[in-house]
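**Q** Before I ask anything, here is the structure I am working with.
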Amino acid sequence: MTSRNAPELRQLCHQDEIDTDLSRELIDCWVEVSNAGGAVGFPFPPVTVEEVALAAEQLIAGLRPDRSRLVLATVGGVLAGWLNVRRDPHPLVAHWGTLHHVQSHPAFRGCGIGSALMNHARRVAREDMALEHLHLAARSGMGLEHFYGGLGFKEIGRHPGALRLAPGDDRDEIFMVLTPL
């Protein structure tokens with residue numbers, strides 16, 4: 001990817017920052033990633049726009065500067081990927097956050113969108129949300145632990161066979177952490 005094709009990265013922390021067009025782009029991206037086999041919350045493709053729209057509506061409604069933000073990557077004005085950074089408000093765990101729905105649109109795979117999103121999310125978590133570390137859970141068998149490991153995340157545990165995608169296709173759930181930010 002050349003510098004002129006580098007993604008524009010931004011964060012959104014209020015639902016009123018998301019208009020109908022952007023909501024549709026988020027949903028379309030989520031559908032495309034899910035139906036391409038992405039581990040982004042819908043493990044049994046194909047998924048429909050209607051299914052994803054319900055989840056997107058909840059995610060958007062939950063946006064708050066102190067608790068939940070979307071990080072978006074666009075290339076040439078087109079949504080290339082996004083993720084969600086969340087923190088639990090309970091005082092015991094409010095110093096760390098969790099990454100959810102990390103995804104790059106299949107049309108932009110191999111262009112560095114995922115790495116750019118993750119690096120920007122790290123900055124958002126540290127500088128804007130005052131988090132000290134980030135957690136995520138990944139599905140084994142997709143190389144995700146290597147991708148996240150290359151960005152500084154460390155595996156802290158596994159739940160063997162936790163995810164049953166089909167009879168005979170059980171996958172580990174891998175727990176990873178990035179600390180310090």
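By order of appearance in the structure tokens: chains A, B, ..., then residues from 1 within every chain, and ligands from 1 in the order shown.
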Return as an MDAnalysis selection string the full set of residues in segment 6-149 of chain A whose backbone-based DSSP assignment is alpha helix (DSSP H).

**A** chainID A and resid 20:35 49:61 113:123 144:149

**Q** Set the distance at 10 Å and use only C-alpha atoms: which residues neighbour Phe153 of chain A once local chain neighbours fewer than 3 positions away are removed? I'd like the list as a short mmCIF file (atom, residue, chain, number, x, y, z; two decimals) with C-alpha atoms, in the first residue's frame.

**A**
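Everything below was put into result23.cif:
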data_model
loop_
_atom_site.label_atom_id
_atom_site.label_comp_id
_atom_site.auth_asym_id
_atom_site.auth_seq_id
_atom_site.Cartn_x
_atom_site.Cartn_y
_atom_site.Cartn_z
CA HIS A 133 -3.87 -2.74 28.75
CA LEU A 134 -6.07 -4.40 26.18
CA HIS A 135 -7.53 -7.89 26.03
CA LEU A 136 -9.01 -9.82 23.15
CA GLU A 145 -2.73 -15.44 17.28
CA HIS A 146 0.19 -14.82 14.92
CA PHE A 147 -1.31 -11.60 13.59
CA TYR A 148 -1.99 -10.25 17.09
CA GLY A 149 1.32 -11.58 18.38
CA GLY A 150 3.10 -9.57 15.70
CA ILE A 156 -2.32 -15.61 28.32
CA PHE A 175 -7.04 -15.12 25.24
CA MET A 176 -4.47 -12.42 24.56
CA VAL A 177 -3.31 -9.24 26.25
CA LEU A 178 -1.31 -6.17 25.25
CA THR A 179 0.43 -4.51 28.17
CA PRO A 180 1.71 -1.92 28.59
#

**Q** From the set A:Arg164, A:His159, A:Arg171, A:Arg10, which residue has the shortest atom-to-atom contact distance to Gly81 of chain A, counting only C-alpha atoms?

**A**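 Using only C-alpha atoms, the shortest distance to Gly81 of chain A belongs to A:Arg10.
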
**Q** If we count only C-alpha atoms, what is near Leu70 of chain A at a cut-off of 10 Å, once residues fewer than 5 positions away on the same chain are taken out, given as a PyMOL selection string?

**A** chain A and resi 10-15+59-60+63-65+82-86+99-101+121+124

**Q** Mind the document's chain letters and residue numbers, and return as a ChimeraX atom specification the residues of segment 17-102 of chain A that DSSP labels strand (DSSP E or B).

**A** /A:64,68-75,78-87,96-102

**Q** Can you write just those residues out, N, CA and C atoms, as an mmCIF file, in the first residue's frame?

**A**
data_model
loop_
_atom_site.group_PDB
_atom_site.id
_atom_site.type_symbol
_atom_site.label_atom_id
_atom_site.label_comp_id
_atom_site.auth_asym_id
_atom_site.auth_seq_id
_atom_site.Cartn_x
_atom_site.Cartn_y
_atom_site.Cartn_z
ATOM 1 N N ARG A 64 -20.028 5.423 24.050
ATOM 2 C CA ARG A 64 -19.865 6.469 25.065
ATOM 3 C C ARG A 64 -18.379 6.712 25.226
ATOM 4 N N SER A 68 -17.092 2.963 25.358
ATOM 5 C CA SER A 68 -17.099 2.219 24.098
ATOM 6 C C SER A 68 -16.880 3.170 22.928
ATOM 7 N N ARG A 69 -15.932 2.808 22.079
ATOM 8 C CA ARG A 69 -15.615 3.627 20.903
ATOM 9 C C ARG A 69 -15.437 2.732 19.682
ATOM 10 N N LEU A 70 -15.778 3.286 18.540
ATOM 11 C CA LEU A 70 -15.489 2.632 17.278
ATOM 12 C C LEU A 70 -14.237 3.263 16.693
ATOM 13 N N VAL A 71 -13.375 2.437 16.141
ATOM 14 C CA VAL A 71 -12.217 2.916 15.394
ATOM 15 C C VAL A 71 -12.457 2.485 13.955
ATOM 16 N N LEU A 72 -12.427 3.455 13.049
ATOM 17 C CA LEU A 72 -12.722 3.220 11.641
ATOM 18 C C LEU A 72 -11.492 3.462 10.787
ATOM 19 N N ALA A 73 -11.367 2.674 9.728
ATOM 20 C CA ALA A 73 -10.342 2.894 8.704
ATOM 21 C C ALA A 73 -11.066 3.064 7.377
ATOM 22 N N THR A 74 -10.776 4.180 6.699
ATOM 23 C CA THR A 74 -11.332 4.396 5.371
ATOM 24 C C THR A 74 -10.187 4.596 4.378
ATOM 25 N N VAL A 75 -10.428 4.178 3.162
ATOM 26 C CA VAL A 75 -9.472 4.375 2.074
ATOM 27 C C VAL A 75 -10.263 4.991 0.920
ATOM 28 N N VAL A 78 -13.973 5.147 1.448
ATOM 29 C CA VAL A 78 -14.701 3.883 1.573
ATOM 30 C C VAL A 78 -14.274 3.192 2.866
ATOM 31 N N LEU A 79 -15.242 2.678 3.627
ATOM 32 C CA LEU A 79 -14.928 1.965 4.859
ATOM 33 C C LEU A 79 -14.148 0.697 4.531
ATOM 34 N N ALA A 80 -12.929 0.608 5.041
ATOM 35 C CA ALA A 80 -12.054 -0.538 4.782
ATOM 36 C C ALA A 80 -11.991 -1.488 5.969
ATOM 37 N N GLY A 81 -12.391 -1.032 7.154
ATOM 38 C CA GLY A 81 -12.386 -1.882 8.333
ATOM 39 C C GLY A 81 -12.746 -1.088 9.565
ATOM 40 N N TRP A 82 -12.991 -1.813 10.643
ATOM 41 C CA TRP A 82 -13.344 -1.165 11.905
ATOM 42 C C TRP A 82 -13.185 -2.149 13.050
ATOM 43 N N LEU A 83 -13.192 -1.600 14.263
ATOM 44 C CA LEU A 83 -13.180 -2.399 15.483
ATOM 45 C C LEU A 83 -13.835 -1.593 16.591
ATOM 46 N N ASN A 84 -14.093 -2.265 17.702
ATOM 47 C CA ASN A 84 -14.720 -1.640 18.866
ATOM 48 C C ASN A 84 -13.807 -1.825 20.070
ATOM 49 N N VAL A 85 -13.551 -0.730 20.798
ATOM 50 C CA VAL A 85 -12.783 -0.758 22.053
ATOM 51 C C VAL A 85 -13.774 -0.505 23.174
ATOM 52 N N ARG A 86 -13.818 -1.418 24.149
ATOM 53 C CA ARG A 86 -14.749 -1.269 25.274
ATOM 54 C C ARG A 86 -14.028 -1.426 26.605
ATOM 55 N N ARG A 87 -14.570 -0.748 27.601
ATOM 56 C CA ARG A 87 -14.125 -0.936 28.982
ATOM 57 C C ARG A 87 -15.352 -1.227 29.835
ATOM 58 N N TRP A 96 -8.565 -1.574 32.244
ATOM 59 C CA TRP A 96 -8.244 -2.268 31.007
ATOM 60 C C TRP A 96 -9.475 -2.347 30.116
ATOM 61 N N GLY A 97 -9.227 -2.565 28.835
ATOM 62 C CA GLY A 97 -10.310 -2.646 27.866
ATOM 63 C C GLY A 97 -10.213 -3.904 27.028
ATOM 64 N N THR A 98 -11.237 -4.105 26.232
ATOM 65 C CA THR A 98 -11.330 -5.278 25.367
ATOM 66 C C THR A 98 -11.602 -4.827 23.939
ATOM 67 N N LEU A 99 -10.948 -5.493 23.003
ATOM 68 C CA LEU A 99 -11.196 -5.242 21.580
ATOM 69 C C LEU A 99 -12.228 -6.243 21.074
ATOM 70 N N HIS A 100 -13.172 -5.744 20.288
ATOM 71 C CA HIS A 100 -14.237 -6.576 19.732
ATOM 72 C C HIS A 100 -14.375 -6.308 18.237
ATOM 73 N N HIS A 101 -14.752 -7.338 17.504
ATOM 74 C CA HIS A 101 -15.132 -7.226 16.091
ATOM 75 C C HIS A 101 -14.048 -6.626 15.206
ATOM 76 N N VAL A 102 -12.798 -6.969 15.445
ATOM 77 C CA VAL A 102 -11.695 -6.459 14.621
ATOM 78 C C VAL A 102 -11.877 -7.018 13.213
#

**Q** Which is closest to Glu132 of chain A among A:Glu32, A:Val40, A:Leu117, A:Leu181, if we use only C-alpha atoms?

**A**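 Ranking A:Glu32, A:Val40, A:Leu117, A:Leu181 by distance to Glu132 of chain A, first place goes to A:Leu181.
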